[in-house]
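Asks: This is the structure, below, for whatever I ask next.
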Amino acid sequence: MKVKDYMLYLKNDKKENLLYLKDWHLRRMKPDHNFYEVPRIFASDWLNEFAMDTHDDDFMFVYIGPENSWTPLHCDVYSSYSWSVNIIGRKKWILFPPGEEDKLMDSFGNLPLLFNPEQSIDVKYFEIIQERGDAIFVPSGWHHEVYNVHDTISINHNFINGGNLGYLWKALEKNLLSVENEIEEFRDSPEFINQCQLILKSVFGMDYISFMTFVMHIGNKRIRQFTGEDYLNFQKYLFGKKHVIFDLHIVLKLLYQIQQHPLFESECPTSTMKENLLSIIKTIKTLLN
């Protein structure tokens with residue numbers, strides 16, 4: 001459906017079906033045009049910084065939904081942070097602190113589409129009404145579901161930075177372990193590692209190599225920033241020296257963890273990638289000392 005046809009659908013008072021326009025990459029229409037400004041408090045955004053540097057898919061979305069449309073219970077991609085602002089309309093959010101979602105799972109480990117408080121009286125949750133112009137921040141690992149109380153247009157933005165990169169790594173490790181256990185019978189196959197990575201990327205969106213590439217890219221960029229090069233995030237924000245130093249500490253910590261993972265000694269990363277990772281570790285250690 002074209003967006004113009006969706007707008008005609010929204011104008012129709014009699015809707016046979018509820019259609020929700022979600023995850024619309026509005027910036028793809030005009031990559032050099034800023035349809036909205038990222039607030040300063042959310043400017044440290046490695047995920048979209050990497051996406052823009054590599055001309056990859058961003059994580060900056062527009063959502064347009066009619067009254068009574070909804071998003072089912074879920075946790076955001078990569079266990080990322082997210083922020084959302086209503087342009088018009090009203091939303092109702094139900095958010096669950098990490099771990100509470102376990103109480104909602106069935107015997108197969110599946111979550112319900114929607115939370116029913118009458119069936120789960122011991123579950124801790126927060127219900128929030130988001131009005132026009134309100135911004136809401138969702139921490140890493142918080143499951144949530146969202147209802148459009150009225151016709152609503154919102155900006156939804158996922159991001160990762162030094163504050164939650166560890167959550168991404170733990171989520172990746174957990175998903176990899178799950179994949180390995182799922183095809184355990186093929187562990188002795190020479191293709192086992194590659195197949196696990198292929199499945200991991202399909203179910204999680206990122207594999208060991210793409211995570212390694214992501215962290216190394218940010219590490220190299222922060223090294224250049226530390227030594228005097230300037231980069232504007234979202235064409236507006238310039239990181240200070242203390243911010244860059246903080247990021248370098250986080251990158252160094254994660255690069256050590258990547259290096260200590262059993263996959264590092266496999267043929268999964270190329271010898272060039274391994275050498276580059278060790279070189280970044282050495283450079284960061286020299287700068288921070």
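Quick note on naming: the chains in the structure tokens go A, B, ... in the order shown, residues restart at 1 in each chain, and ligands are numbered from 1 in order of appearance.
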With region 17-36 of chain A as the partner and 9 Å as the cut-off, tabulate the residues of region 69-138 of chain A that qualify, each row holding the nearest pair of atoms and their distance in Å to one decimal, using only C-alpha atoms, sorted by chain and rising number, as a tab-separated table.
Replies:
```
residue	atom	partner	partner_atom	distance
A:Ser69	CA	A:Leu18	CA	6.1
A:Trp70	CA	A:Tyr20	CA	7.8
A:Thr71	CA	A:Tyr20	CA	8.9
```
Asks: Take the residues from that selection and write them out as a compact mmCIF listing (two decimals), in the first residue's frame, keeping N, CA, C and O atoms.
Replies:
```txt
# COMPACT_ATOMS: atom_id res chain seq x y z
N SER A 69 -5.56 0.65 17.28
CA SER A 69 -4.47 -0.19 16.77
C SER A 69 -3.44 -0.37 17.89
O SER A 69 -3.38 0.42 18.82
N TRP A 70 -2.61 -1.40 17.78
CA TRP A 70 -1.72 -1.71 18.91
C TRP A 70 -0.48 -2.47 18.45
O TRP A 70 -0.44 -3.04 17.36
N THR A 71 0.54 -2.44 19.31
CA THR A 71 1.76 -3.22 19.13
C THR A 71 1.81 -4.28 20.21
O THR A 71 1.65 -3.97 21.39
```
Asks: Compile the contact shell of Arg132 (chain A) as a ChimeraX atom specification: residues with an atom at most 9 Å away, counting only C-alpha atoms, same-chain residues fewer than 6 positions apart removed.
Replies: /A:85-91,152,154
Asks: Let me make sure I understand: among A:Asn158, A:Asn276, A:Thr286, A:Ser84, which one has the smallest atom-to-atom distance to Ala135 (chain A) if we use only C-alpha atoms?
Replies: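 Of A:Asn158, A:Asn276, A:Thr286, A:Ser84, the one nearest Ala135 (chain A) is A:Ser84, counting only C-alpha atoms.
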Asks: Between A:Leu111, A:Ile193, A:Cys75, A:Ile209, which is the closest to Ala171 (chain A) once you count only C-alpha atoms?
Replies: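 Using only C-alpha atoms, Ala171 (chain A) sits closest to A:Cys75.
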